[in-house]
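Scroll down for the structure; my scribbles are underneath it.
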Amino acid sequence: MAITNENATTQFDTSMEGGDIDRDRIVNGDVLPDEYFCPICRFLLWDPRSCSSCQNLFCRKCIQIWLKHSNASRQCPFRCPAYEERNCPPSFSSLLSKTKIKCRNTSLGCTEVLSYDLLERHENVECKFLTRTCRECMQSILVSEFDEHIKIPGKCSPCPIQCIICQLFIEKHEFQDHFRQCYQNRLANVFQQFNTQQQGLTEPQATFALTAEQRNLNFCRTLFTTVNLVEQQRQNSRFPTTLRGIDTIQQARNRGCGHLHHIYLMMIFILMNWRRAPQLIWVMTLSSFIAASVMILGFYVICLGWASKHIYLGIGYIMLFSSLISFVIPYFLHCVTDKWIIFSMGSILLLISCTIRGPLEAYELDLHKNNAIINIVRCCFGIVVTEVFLLLFRFFFWCSPMYLTAAILTFVNVFFMIQIRRTAGMATNIV
Ligand SMILES: [Zn+2]
Ligand SMILES: [Zn+2]
Ligand SMILES: [Zn+2]
Ligand SMILES: [Zn+2]
Ligand SMILES: [Zn+2]
């Protein structure tokens, strides 16, 4: 079984920064004085910069790396204090331009000899022997033959992919199924471990084992790392996926795209994978429901925190928030029909959930939820539940007038206020 270096995928891009030219590639390189070579990398100076104190020249790339590793001191490699950069003197640049250099693809058959200034363009664009590494088989393929290599069956035989869960190398066409199975087993294992620990707790000798909180925390941590395995597998290898447009979103996320841009990309992602749209929408709506409830709860918790310090301010915020909810919602209900409420809630929840940056491959790997019909039924059920809630709301506000609700709210808030005061008083007494 062939073992491949998955890191080689980073060589996918054909364009390379120039440089790394040794004496052998330069015409009459043996007679070229040492000043033409960078004291850091020992290759021909590439895009040179000079130190303003000692006038020594370095490649731009080399001196940048040097300064990055010299911590805060920013010393020149020749120990001048505080390196100050100058451009390369024009006289030296013109001397460099006169050097003739052989193309880096000489070993592949390129016979071109180019001037210093034209070399980079030739090597990255014009050279007939330009190669790029195929991500599937890790072979260097001439760019002119690359399309043929990808499209014609039999030309490219993909290397096996290493599964990060079991560390085995699996043929590409079997990988998706294998990884799915491995992932499910891993998840099942995590839950099984948690259950056995749970049972172990009832036995007397386990009293000094982990406390319940530690165990729950460990469980959450393991579960989290397990869920992230999908993302890791994707980052470390060419993990095949049938969801379209994942790469675009991944790139945008790496660049740190804004929320609006993210929503836009996710919408395209849903449209592109329209067969899985019910699954995507279902998961998203659910996660945004949870996020919204956590936000409301979080707001109350923060207010209670304030209330324990500045009692009137905290309670004031709680009352403001509660009355907003209790007056705005009935007014809203009074003005619009149920259809509009459900529609707008659905769209808002979807928009919110589009901004949640979870691993996209998770949509593909959940075997049990990946069923369009079941998901449509689930969504319908969600709508029915919302409708029932709305009916109950309407019934409540029809039965009880607004001021009664306000009175109940005020009563609850005052009750809280007294309760907090009492506990705060007790705390100060103890101190
Ligand atoms: Zn250098
Ligand atoms: Zn210097
Ligand atoms: Zn060439
Ligand atoms: Zn290939
Ligand atoms: Zn595996």
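Just so we're on the same page: first chain in the structure tokens is A, next is B, and so on; residues restart at 1 for each chain, and ligands are numbered from 1 in the order they show up.
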
Looking only at the backbone, which of the residues in stretch 123-253 of chain A does DSSP tag as strand (DSSP E), as a ChimeraX atom specification?
/A:131-133,140-142,161-162,169-170

Resulting file, chosen residues, all heavy atoms, as a PDB file, in the first residue's frame:
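The result, stored in selection_12.pdb:
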```
ATOM      1  N   THR A 131       5.223  22.782 -14.486  1.00  0.00           N
ATOM      2  CA  THR A 131       4.486  21.630 -13.949  1.00  0.00           C
ATOM      3  C   THR A 131       3.652  22.060 -12.757  1.00  0.00           C
ATOM      4  O   THR A 131       3.897  23.104 -12.164  1.00  0.00           O
ATOM      5  CB  THR A 131       5.444  20.532 -13.456  1.00  0.00           C
ATOM      6  OG1 THR A 131       6.300  21.100 -12.473  1.00  0.00           O
ATOM      7  CG2 THR A 131       6.238  19.936 -14.585  1.00  0.00           C
ATOM      8  N   ARG A 132       2.670  21.267 -12.460  1.00  0.00           N
ATOM      9  CA  ARG A 132       1.978  21.452 -11.186  1.00  0.00           C
ATOM     10  C   ARG A 132       1.700  20.084 -10.583  1.00  0.00           C
ATOM     11  O   ARG A 132       1.556  19.094 -11.302  1.00  0.00           O
ATOM     12  CB  ARG A 132       0.713  22.288 -11.345  1.00  0.00           C
ATOM     13  CG  ARG A 132      -0.467  21.602 -11.956  1.00  0.00           C
ATOM     14  CD  ARG A 132      -1.515  22.635 -12.283  1.00  0.00           C
ATOM     15  NE  ARG A 132      -2.664  22.540 -11.404  1.00  0.00           N
ATOM     16  CZ  ARG A 132      -3.799  23.197 -11.647  1.00  0.00           C
ATOM     17  NH1 ARG A 132      -3.916  23.980 -12.699  1.00  0.00           N
ATOM     18  NH2 ARG A 132      -4.816  23.072 -10.836  1.00  0.00           N
ATOM     19  N   THR A 133       1.662  20.051  -9.256  1.00  0.00           N
ATOM     20  CA  THR A 133       1.477  18.776  -8.585  1.00  0.00           C
ATOM     21  C   THR A 133      -0.005  18.430  -8.553  1.00  0.00           C
ATOM     22  O   THR A 133      -0.822  19.236  -8.123  1.00  0.00           O
ATOM     23  CB  THR A 133       2.011  18.857  -7.146  1.00  0.00           C
ATOM     24  OG1 THR A 133       3.308  19.426  -7.185  1.00  0.00           O
ATOM     25  CG2 THR A 133       2.081  17.490  -6.500  1.00  0.00           C
ATOM     26  N   SER A 140       4.076  15.258 -10.490  1.00  0.00           N
ATOM     27  CA  SER A 140       4.239  16.535 -11.175  1.00  0.00           C
ATOM     28  C   SER A 140       3.803  16.352 -12.618  1.00  0.00           C
ATOM     29  O   SER A 140       4.328  15.492 -13.322  1.00  0.00           O
ATOM     30  CB  SER A 140       5.701  16.970 -11.130  1.00  0.00           C
ATOM     31  OG  SER A 140       6.016  17.376  -9.832  1.00  0.00           O
ATOM     32  N   ILE A 141       2.840  17.147 -13.044  1.00  0.00           N
ATOM     33  CA  ILE A 141       2.290  17.009 -14.389  1.00  0.00           C
ATOM     34  C   ILE A 141       2.529  18.319 -15.128  1.00  0.00           C
ATOM     35  O   ILE A 141       2.365  19.395 -14.552  1.00  0.00           O
ATOM     36  CB  ILE A 141       0.765  16.745 -14.324  1.00  0.00           C
ATOM     37  CG1 ILE A 141       0.444  15.608 -13.343  1.00  0.00           C
ATOM     38  CG2 ILE A 141       0.190  16.464 -15.703  1.00  0.00           C
ATOM     39  CD1 ILE A 141       0.920  14.256 -13.760  1.00  0.00           C
ATOM     40  N   LEU A 142       2.919  18.240 -16.417  1.00  0.00           N
ATOM     41  CA  LEU A 142       3.077  19.458 -17.212  1.00  0.00           C
ATOM     42  C   LEU A 142       1.733  20.172 -17.282  1.00  0.00           C
ATOM     43  O   LEU A 142       0.700  19.535 -17.476  1.00  0.00           O
ATOM     44  CB  LEU A 142       3.540  19.105 -18.631  1.00  0.00           C
ATOM     45  CG  LEU A 142       4.992  18.645 -18.779  1.00  0.00           C
ATOM     46  CD1 LEU A 142       5.282  18.293 -20.217  1.00  0.00           C
ATOM     47  CD2 LEU A 142       5.949  19.727 -18.294  1.00  0.00           C
ATOM     48  N   ILE A 161      -6.025   7.768   0.892  1.00  0.00           N
ATOM     49  CA  ILE A 161      -6.106   8.861   1.862  1.00  0.00           C
ATOM     50  C   ILE A 161      -6.009   8.263   3.265  1.00  0.00           C
ATOM     51  O   ILE A 161      -6.604   7.226   3.528  1.00  0.00           O
ATOM     52  CB  ILE A 161      -7.448   9.610   1.724  1.00  0.00           C
ATOM     53  CG1 ILE A 161      -7.635  10.089   0.286  1.00  0.00           C
ATOM     54  CG2 ILE A 161      -7.519  10.778   2.688  1.00  0.00           C
ATOM     55  CD1 ILE A 161      -8.991  10.694   0.023  1.00  0.00           C
ATOM     56  N   GLN A 162      -5.255   8.945   4.139  1.00  0.00           N
ATOM     57  CA  GLN A 162      -5.145   8.427   5.501  1.00  0.00           C
ATOM     58  C   GLN A 162      -6.325   8.903   6.338  1.00  0.00           C
ATOM     59  O   GLN A 162      -6.646  10.087   6.353  1.00  0.00           O
ATOM     60  CB  GLN A 162      -3.841   8.897   6.150  1.00  0.00           C
ATOM     61  CG  GLN A 162      -3.602   8.207   7.480  1.00  0.00           C
ATOM     62  CD  GLN A 162      -2.290   8.600   8.125  1.00  0.00           C
ATOM     63  OE1 GLN A 162      -1.730   9.642   7.820  1.00  0.00           O
ATOM     64  NE2 GLN A 162      -1.808   7.758   9.016  1.00  0.00           N
ATOM     65  N   PHE A 169      -4.632   3.739   5.648  1.00  0.00           N
ATOM     66  CA  PHE A 169      -4.700   4.367   4.329  1.00  0.00           C
ATOM     67  C   PHE A 169      -5.791   3.681   3.522  1.00  0.00           C
ATOM     68  O   PHE A 169      -5.771   2.461   3.356  1.00  0.00           O
ATOM     69  CB  PHE A 169      -3.353   4.257   3.616  1.00  0.00           C
ATOM     70  CG  PHE A 169      -2.333   5.196   4.175  1.00  0.00           C
ATOM     71  CD1 PHE A 169      -1.556   4.831   5.261  1.00  0.00           C
ATOM     72  CD2 PHE A 169      -2.184   6.466   3.640  1.00  0.00           C
ATOM     73  CE1 PHE A 169      -0.633   5.712   5.796  1.00  0.00           C
ATOM     74  CE2 PHE A 169      -1.261   7.347   4.169  1.00  0.00           C
ATOM     75  CZ  PHE A 169      -0.483   6.973   5.250  1.00  0.00           C
ATOM     76  N   ILE A 170      -6.740   4.462   3.034  1.00  0.00           N
ATOM     77  CA  ILE A 170      -7.920   3.907   2.376  1.00  0.00           C
ATOM     78  C   ILE A 170      -7.976   4.432   0.944  1.00  0.00           C
ATOM     79  O   ILE A 170      -7.696   5.608   0.699  1.00  0.00           O
ATOM     80  CB  ILE A 170      -9.205   4.337   3.120  1.00  0.00           C
ATOM     81  CG1 ILE A 170      -9.089   4.072   4.623  1.00  0.00           C
ATOM     82  CG2 ILE A 170     -10.440   3.670   2.537  1.00  0.00           C
ATOM     83  CD1 ILE A 170      -8.986   2.636   5.010  1.00  0.00           C
TER      84      ILE A 170
END
```

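Using only C-alpha atoms and all ligand atoms, we find that the residues with an atom at most 8 Å from any atom of ligand 5 are Gln162, Cys163, Ile164, Ile165, Cys166, Gln167, Leu168, Ile170, His178, Phe179, Gln181, Cys182 and Tyr183 of chain A.
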
For A:Leu96, find every residue with an atom within 10 Å (counting only C-alpha atoms), except residues of its own chain fewer than 5 positions away, and show them as a ChimeraX atom specification.
/A:36,44-46,48,90-91,115-117

Go ahead and dump the residues you just picked, N, CA, C and O atoms, as a CSV table (one decimal), in the first residue's frame.
```
chain,number,residue,atom,x,y,z
A,36,TYR,N,27.1,39.2,-5.0
A,36,TYR,CA,25.9,39.0,-5.7
A,36,TYR,C,25.0,37.9,-5.0
A,36,TYR,O,23.9,37.7,-5.3
A,44,LEU,N,21.6,33.5,-5.3
A,44,LEU,CA,21.6,34.8,-5.9
A,44,LEU,C,20.6,35.8,-5.3
A,44,LEU,O,19.5,35.4,-5.0
A,45,LEU,N,21.0,37.0,-5.0
A,45,LEU,CA,20.1,38.0,-4.4
A,45,LEU,C,18.8,38.1,-5.2
A,45,LEU,O,18.9,38.2,-6.4
A,46,TRP,N,17.7,38.0,-4.5
A,46,TRP,CA,16.4,38.1,-5.2
A,46,TRP,C,15.6,39.2,-4.5
A,46,TRP,O,15.4,39.2,-3.3
A,48,PRO,N,16.6,42.4,-3.9
A,48,PRO,CA,17.4,42.8,-2.8
A,48,PRO,C,17.1,44.0,-2.0
A,48,PRO,O,16.5,45.0,-2.6
A,90,PRO,N,20.7,51.6,-7.3
A,90,PRO,CA,20.4,51.4,-8.7
A,90,PRO,C,21.6,50.8,-9.5
A,90,PRO,O,21.4,50.0,-10.4
A,91,SER,N,22.8,51.2,-9.1
A,91,SER,CA,24.0,50.7,-9.9
A,91,SER,C,24.1,49.2,-9.7
A,91,SER,O,24.3,48.4,-10.7
A,115,SER,N,17.2,36.7,-18.8
A,115,SER,CA,17.8,37.8,-18.0
A,115,SER,C,17.1,37.8,-16.6
A,115,SER,O,16.0,37.2,-16.5
A,116,TYR,N,17.8,38.4,-15.7
A,116,TYR,CA,17.3,38.4,-14.3
A,116,TYR,C,15.9,38.9,-14.2
A,116,TYR,O,15.1,38.3,-13.5
A,117,ASP,N,15.6,39.9,-15.0
A,117,ASP,CA,14.2,40.5,-14.8
A,117,ASP,C,13.1,39.7,-15.5
A,117,ASP,O,12.0,39.8,-15.0
```

With a distance cut-off of 9 Å and only C-alpha atoms, select the neighbouring residues of A:Cys103, excluding the residue or stretch itself and same-chain residues fewer than 3 positions from it, and output the selection as a VMD selection string.
chain A and resid 25 106 110 to 114 119 122 to 123 127

Go ahead and write the selection's residues with N, CA and C atoms as a compact mmCIF listing (two decimals), in the first residue's frame.
```txt
# COMPACT_ATOMS: atom_id res chain seq x y z
N ARG A 25 23.17 27.58 -12.00
CA ARG A 25 22.13 28.00 -12.95
C ARG A 25 22.48 29.32 -13.63
N THR A 106 15.25 23.18 -16.32
CA THR A 106 16.27 22.64 -17.21
C THR A 106 16.25 21.11 -17.21
N CYS A 110 13.80 22.25 -20.54
CA CYS A 110 13.73 23.64 -20.99
C CYS A 110 15.15 24.16 -21.22
N THR A 111 15.39 24.72 -22.40
CA THR A 111 16.75 25.19 -22.73
C THR A 111 16.86 26.71 -22.64
N GLU A 112 15.79 27.38 -22.20
CA GLU A 112 15.78 28.85 -22.18
C GLU A 112 16.82 29.40 -21.20
N VAL A 113 17.49 30.49 -21.63
CA VAL A 113 18.36 31.25 -20.73
C VAL A 113 17.80 32.67 -20.71
N LEU A 114 17.53 33.19 -19.50
CA LEU A 114 16.81 34.46 -19.43
C LEU A 114 17.57 35.47 -18.59
N LEU A 119 13.13 36.35 -15.70
CA LEU A 119 13.13 34.96 -15.25
C LEU A 119 11.83 34.56 -14.55
N HIS A 122 8.91 34.04 -16.84
CA HIS A 122 9.08 32.82 -17.64
C HIS A 122 8.76 31.58 -16.81
N GLU A 123 9.33 31.52 -15.62
CA GLU A 123 9.19 30.29 -14.81
C GLU A 123 7.75 30.07 -14.34
N CYS A 127 6.98 29.29 -19.41
CA CYS A 127 7.77 28.08 -19.64
C CYS A 127 6.89 26.94 -20.13
```

Each residue of chain A with at least one atom at most 12 Å from ligand 4 should appear once, together with its nearest atom pair and the corresponding distance in Å (one decimal); atoms considered: only C-alpha atoms and all ligand atoms; ordering: chain, then increasing residue number; output as JSON lines.
```
{"residue": "A:Thr9", "atom": "CA", "partner": "ligand 4", "partner_atom_place_in_ligand_line": "1 (Zn)", "distance": 11.8}
{"residue": "A:Phe12", "atom": "CA", "partner": "ligand 4", "partner_atom_place_in_ligand_line": "1 (Zn)", "distance": 11.4}
{"residue": "A:Arg132", "atom": "CA", "partner": "ligand 4", "partner_atom_place_in_ligand_line": "1 (Zn)", "distance": 10.1}
{"residue": "A:Thr133", "atom": "CA", "partner": "ligand 4", "partner_atom_place_in_ligand_line": "1 (Zn)", "distance": 7.9}
{"residue": "A:Cys134", "atom": "CA", "partner": "ligand 4", "partner_atom_place_in_ligand_line": "1 (Zn)", "distance": 4.6}
{"residue": "A:Arg135", "atom": "CA", "partner": "ligand 4", "partner_atom_place_in_ligand_line": "1 (Zn)", "distance": 6.5}
{"residue": "A:Glu136", "atom": "CA", "partner": "ligand 4", "partner_atom_place_in_ligand_line": "1 (Zn)", "distance": 4.8}
{"residue": "A:Cys137", "atom": "CA", "partner": "ligand 4", "partner_atom_place_in_ligand_line": "1 (Zn)", "distance": 4.0}
{"residue": "A:Met138", "atom": "CA", "partner": "ligand 4", "partner_atom_place_in_ligand_line": "1 (Zn)", "distance": 6.3}
{"residue": "A:Gln139", "atom": "CA", "partner": "ligand 4", "partner_atom_place_in_ligand_line": "1 (Zn)", "distance": 6.1}
{"residue": "A:Ser140", "atom": "CA", "partner": "ligand 4", "partner_atom_place_in_ligand_line": "1 (Zn)", "distance": 8.3}
{"residue": "A:Ile141", "atom": "CA", "partner": "ligand 4", "partner_atom_place_in_ligand_line": "1 (Zn)", "distance": 7.7}
{"residue": "A:Leu142", "atom": "CA", "partner": "ligand 4", "partner_atom_place_in_ligand_line": "1 (Zn)", "distance": 11.1}
{"residue": "A:Val143", "atom": "CA", "partner": "ligand 4", "partner_atom_place_in_ligand_line": "1 (Zn)", "distance": 11.9}
{"residue": "A:Glu145", "atom": "CA", "partner": "ligand 4", "partner_atom_place_in_ligand_line": "1 (Zn)", "distance": 10.9}
{"residue": "A:Phe146", "atom": "CA", "partner": "ligand 4", "partner_atom_place_in_ligand_line": "1 (Zn)", "distance": 8.5}
{"residue": "A:Asp147", "atom": "CA", "partner": "ligand 4", "partner_atom_place_in_ligand_line": "1 (Zn)", "distance": 10.2}
{"residue": "A:Glu148", "atom": "CA", "partner": "ligand 4", "partner_atom_place_in_ligand_line": "1 (Zn)", "distance": 10.1}
{"residue": "A:His149", "atom": "CA", "partner": "ligand 4", "partner_atom_place_in_ligand_line": "1 (Zn)", "distance": 6.3}
{"residue": "A:Ile150", "atom": "CA", "partner": "ligand 4", "partner_atom_place_in_ligand_line": "1 (Zn)", "distance": 6.4}
{"residue": "A:Lys151", "atom": "CA", "partner": "ligand 4", "partner_atom_place_in_ligand_line": "1 (Zn)", "distance": 9.8}
{"residue": "A:Ile152", "atom": "CA", "partner": "ligand 4", "partner_atom_place_in_ligand_line": "1 (Zn)", "distance": 10.5}
{"residue": "A:Pro153", "atom": "CA", "partner": "ligand 4", "partner_atom_place_in_ligand_line": "1 (Zn)", "distance": 10.4}
{"residue": "A:Gly154", "atom": "CA", "partner": "ligand 4", "partner_atom_place_in_ligand_line": "1 (Zn)", "distance": 9.5}
{"residue": "A:Lys155", "atom": "CA", "partner": "ligand 4", "partner_atom_place_in_ligand_line": "1 (Zn)", "distance": 7.1}
{"residue": "A:Cys156", "atom": "CA", "partner": "ligand 4", "partner_atom_place_in_ligand_line": "1 (Zn)", "distance": 4.0}
{"residue": "A:Ser157", "atom": "CA", "partner": "ligand 4", "partner_atom_place_in_ligand_line": "1 (Zn)", "distance": 6.0}
{"residue": "A:Pro158", "atom": "CA", "partner": "ligand 4", "partner_atom_place_in_ligand_line": "1 (Zn)", "distance": 6.1}
{"residue": "A:Cys159", "atom": "CA", "partner": "ligand 4", "partner_atom_place_in_ligand_line": "1 (Zn)", "distance": 8.6}
```

What are the nearest atom pairs, with distances in Å to one decimal, for all residues of chain A that come at most 9 Å from ligand 2, using only C-alpha atoms and all ligand atoms, set out by chain and rising residue number as CSV?
```
residue,atom,partner,partner_atom_place_in_ligand_line,distance
A:Ser50,CA,ligand 2,1 (Zn),7.9
A:Cys51,CA,ligand 2,1 (Zn),4.7
A:Ser52,CA,ligand 2,1 (Zn),6.6
A:Ser53,CA,ligand 2,1 (Zn),5.1
A:Cys54,CA,ligand 2,1 (Zn),4.1
A:Gln55,CA,ligand 2,1 (Zn),6.3
A:Asn56,CA,ligand 2,1 (Zn),6.2
A:Leu57,CA,ligand 2,1 (Zn),8.8
A:Gln75,CA,ligand 2,1 (Zn),7.7
A:Cys76,CA,ligand 2,1 (Zn),4.6
A:Pro77,CA,ligand 2,1 (Zn),6.5
A:Phe78,CA,ligand 2,1 (Zn),5.0
A:Arg79,CA,ligand 2,1 (Zn),6.2
A:Cys80,CA,ligand 2,1 (Zn),4.4
A:Pro81,CA,ligand 2,1 (Zn),7.6
A:Ala82,CA,ligand 2,1 (Zn),8.5
A:Tyr83,CA,ligand 2,1 (Zn),6.3
A:Glu84,CA,ligand 2,1 (Zn),8.1
```

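We find atom CA of A:Cys88 and atom CA of A:Arg49 to be spaced 5.1 Å apart.
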
Could you pull out the helix (DSSP H, G or I) residues of stretch 64-201 of chain A, going by DSSP on the backbone, and write them as a VMD selection string?
chain A and resid 64 to 69 90 to 97 106 to 108 116 to 126 143 to 151 172 to 200

Which neighbours of A:Glu231 fall inside 10 Å, counting only C-alpha atoms, when residues of the same chain fewer than 5 positions from it are skipped, and could you give them as JSON, numbers by chain?
{"A": [225, 226, 236, 239, 358, 359, 360, 361, 362]}

Those residues with all heavy atoms, as an mmCIF file, in the first residue's frame please?
```cif
data_model
loop_
_atom_site.group_PDB
_atom_site.id
_atom_site.type_symbol
_atom_site.label_atom_id
_atom_site.label_comp_id
_atom_site.auth_asym_id
_atom_site.auth_seq_id
_atom_site.Cartn_x
_atom_site.Cartn_y
_atom_site.Cartn_z
ATOM 1 N N THR A 225 -14.206 17.456 20.431
ATOM 2 C CA THR A 225 -13.061 17.090 19.584
ATOM 3 C C THR A 225 -13.491 16.078 18.529
ATOM 4 O O THR A 225 -13.010 16.110 17.401
ATOM 5 C CB THR A 225 -11.898 16.495 20.398
ATOM 6 O OG1 THR A 225 -12.436 15.704 21.429
ATOM 7 C CG2 THR A 225 -11.004 17.552 20.966
ATOM 8 N N THR A 226 -14.418 15.186 18.900
ATOM 9 C CA THR A 226 -14.880 14.192 17.932
ATOM 10 C C THR A 226 -15.607 14.866 16.776
ATOM 11 O O THR A 226 -15.373 14.537 15.615
ATOM 12 C CB THR A 226 -15.817 13.180 18.615
ATOM 13 O OG1 THR A 226 -15.172 12.687 19.766
ATOM 14 C CG2 THR A 226 -16.152 12.036 17.695
ATOM 15 N N ASN A 236 -6.341 18.268 6.649
ATOM 16 C CA ASN A 236 -5.097 17.528 6.474
ATOM 17 C C ASN A 236 -5.041 16.713 5.192
ATOM 18 O O ASN A 236 -4.009 16.171 4.855
ATOM 19 C CB ASN A 236 -4.861 16.588 7.660
ATOM 20 C CG ASN A 236 -4.714 17.370 8.940
ATOM 21 O OD1 ASN A 236 -4.252 18.494 8.913
ATOM 22 N ND2 ASN A 236 -5.122 16.793 10.043
ATOM 23 N N PHE A 239 -10.126 15.397 1.472
ATOM 24 C CA PHE A 239 -11.290 14.648 1.926
ATOM 25 C C PHE A 239 -12.417 14.822 0.913
ATOM 26 O O PHE A 239 -12.870 15.933 0.689
ATOM 27 C CB PHE A 239 -11.685 15.228 3.284
ATOM 28 C CG PHE A 239 -12.911 14.648 3.897
ATOM 29 C CD1 PHE A 239 -13.023 13.285 4.080
ATOM 30 C CD2 PHE A 239 -13.936 15.461 4.318
ATOM 31 C CE1 PHE A 239 -14.145 12.752 4.668
ATOM 32 C CE2 PHE A 239 -15.066 14.937 4.909
ATOM 33 C CZ PHE A 239 -15.167 13.577 5.082
ATOM 34 N N GLY A 358 -20.379 26.704 11.847
ATOM 35 C CA GLY A 358 -20.102 25.307 12.186
ATOM 36 C C GLY A 358 -19.416 24.605 11.032
ATOM 37 O O GLY A 358 -19.393 25.115 9.920
ATOM 38 N N PRO A 359 -18.837 23.415 11.290
ATOM 39 C CA PRO A 359 -18.210 22.672 10.191
ATOM 40 C C PRO A 359 -19.263 22.197 9.195
ATOM 41 O O PRO A 359 -20.230 21.543 9.571
ATOM 42 C CB PRO A 359 -17.534 21.487 10.888
ATOM 43 C CG PRO A 359 -18.153 21.402 12.228
ATOM 44 C CD PRO A 359 -18.717 22.730 12.577
ATOM 45 N N LEU A 360 -19.076 22.553 7.920
ATOM 46 C CA LEU A 360 -20.103 22.289 6.916
ATOM 47 C C LEU A 360 -20.249 20.807 6.600
ATOM 48 O O LEU A 360 -21.319 20.347 6.233
ATOM 49 C CB LEU A 360 -19.762 23.039 5.634
ATOM 50 C CG LEU A 360 -19.724 24.554 5.765
ATOM 51 C CD1 LEU A 360 -19.097 25.164 4.545
ATOM 52 C CD2 LEU A 360 -21.122 25.077 5.954
ATOM 53 N N GLU A 361 -19.148 20.057 6.755
ATOM 54 C CA GLU A 361 -19.204 18.637 6.407
ATOM 55 C C GLU A 361 -20.144 17.877 7.324
ATOM 56 O O GLU A 361 -20.587 16.786 7.007
ATOM 57 C CB GLU A 361 -17.818 18.005 6.479
ATOM 58 C CG GLU A 361 -16.850 18.525 5.457
ATOM 59 C CD GLU A 361 -16.239 19.837 5.891
ATOM 60 O OE1 GLU A 361 -16.524 20.285 7.018
ATOM 61 O OE2 GLU A 361 -15.500 20.423 5.103
ATOM 62 N N ALA A 362 -20.434 18.460 8.488
ATOM 63 C CA ALA A 362 -21.323 17.784 9.431
ATOM 64 C C ALA A 362 -22.689 17.541 8.796
ATOM 65 O O ALA A 362 -23.366 16.575 9.121
ATOM 66 C CB ALA A 362 -21.468 18.614 10.690
#
```

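Residues with any atom within 12 Å of A:Phe327, counting only C-alpha atoms and excluding same-chain neighbours fewer than 5 positions away, are Met319, Leu320, Phe321, Ser322, Phe332, Leu333, His334, Phe397, Pro401, Met402, Tyr403, Leu404, Thr405, Ala406 and Leu409 of chain A.
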
Using the selection just defined, write its residues with N, CA, C and O atoms as a compact mmCIF listing (two decimals), in the first residue's frame.
```txt
# COMPACT_ATOMS: atom_id res chain seq x y z
N MET A 319 -37.20 44.77 33.91
CA MET A 319 -38.58 45.20 33.68
C MET A 319 -38.75 45.74 32.27
O MET A 319 -39.73 45.46 31.59
N LEU A 320 -37.74 46.51 31.83
CA LEU A 320 -37.80 47.08 30.48
C LEU A 320 -37.87 45.96 29.45
O LEU A 320 -38.72 45.96 28.55
N PHE A 321 -36.98 44.99 29.61
CA PHE A 321 -36.91 43.87 28.66
C PHE A 321 -38.20 43.06 28.67
O PHE A 321 -38.76 42.75 27.63
N SER A 322 -38.69 42.76 29.90
CA SER A 322 -39.90 41.95 30.02
C SER A 322 -41.10 42.67 29.43
O SER A 322 -41.90 42.07 28.72
N PHE A 332 -47.70 42.96 18.03
CA PHE A 332 -47.28 42.35 16.77
C PHE A 332 -48.31 41.30 16.34
O PHE A 332 -48.75 41.25 15.19
N LEU A 333 -48.72 40.47 17.32
CA LEU A 333 -49.71 39.41 17.04
C LEU A 333 -51.02 40.02 16.55
O LEU A 333 -51.69 39.47 15.68
N HIS A 334 -51.37 41.15 17.16
CA HIS A 334 -52.63 41.80 16.83
C HIS A 334 -52.62 42.32 15.39
O HIS A 334 -53.64 42.30 14.71
N PHE A 397 -54.08 36.60 25.35
CA PHE A 397 -54.26 38.05 25.28
C PHE A 397 -55.70 38.44 24.97
O PHE A 397 -56.12 39.56 25.19
N PRO A 401 -56.75 41.15 29.75
CA PRO A 401 -56.37 42.45 29.19
C PRO A 401 -54.90 42.76 29.47
O PRO A 401 -54.28 42.14 30.34
N MET A 402 -54.38 43.71 28.71
CA MET A 402 -52.96 44.05 28.74
C MET A 402 -52.50 44.42 30.16
O MET A 402 -51.44 44.01 30.60
N TYR A 403 -53.33 45.23 30.87
CA TYR A 403 -52.87 45.73 32.18
C TYR A 403 -52.70 44.61 33.18
O TYR A 403 -51.88 44.67 34.08
N LEU A 404 -53.48 43.50 32.98
CA LEU A 404 -53.34 42.36 33.90
C LEU A 404 -51.95 41.73 33.72
O LEU A 404 -51.26 41.43 34.69
N THR A 405 -51.55 41.57 32.45
CA THR A 405 -50.23 41.02 32.15
C THR A 405 -49.15 41.90 32.78
O THR A 405 -48.21 41.41 33.41
N ALA A 406 -49.32 43.21 32.58
CA ALA A 406 -48.34 44.15 33.14
C ALA A 406 -48.27 44.01 34.65
O ALA A 406 -47.18 44.00 35.24
N LEU A 409 -46.40 40.90 35.60
CA LEU A 409 -44.96 41.11 35.37
C LEU A 409 -44.35 41.94 36.48
O LEU A 409 -43.30 41.60 37.03
```

Using only C-alpha atoms and all ligand atoms, find each residue in chain A having at least one atom no more than 7 Å away from ligand 1; report its shortest atom-to-atom pair and that distance in Å (one decimal), rows by chain then rising number, as a Markdown table.
```
| residue | atom | partner | partner_atom_place_in_ligand_line | distance |
| --- | --- | --- | --- | --- |
| A:Cys38 | CA | ligand 1 | 1 (Zn) | 4.5 |
| A:Pro39 | CA | ligand 1 | 1 (Zn) | 6.7 |
| A:Ile40 | CA | ligand 1 | 1 (Zn) | 5.1 |
| A:Cys41 | CA | ligand 1 | 1 (Zn) | 4.1 |
| A:Arg42 | CA | ligand 1 | 1 (Zn) | 6.2 |
| A:Phe43 | CA | ligand 1 | 1 (Zn) | 5.9 |
| A:Leu45 | CA | ligand 1 | 1 (Zn) | 5.9 |
| A:Trp46 | CA | ligand 1 | 1 (Zn) | 6.8 |
| A:Phe58 | CA | ligand 1 | 1 (Zn) | 5.6 |
| A:Cys59 | CA | ligand 1 | 1 (Zn) | 4.2 |
| A:Lys61 | CA | ligand 1 | 1 (Zn) | 6.8 |
| A:Cys62 | CA | ligand 1 | 1 (Zn) | 4.7 |
```

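Residue nearest ligand 3, chosen from A:Gly316, A:Pro160, A:Gly109, A:Pro240 and counting only C-alpha atoms and all ligand atoms: A:Gly109.
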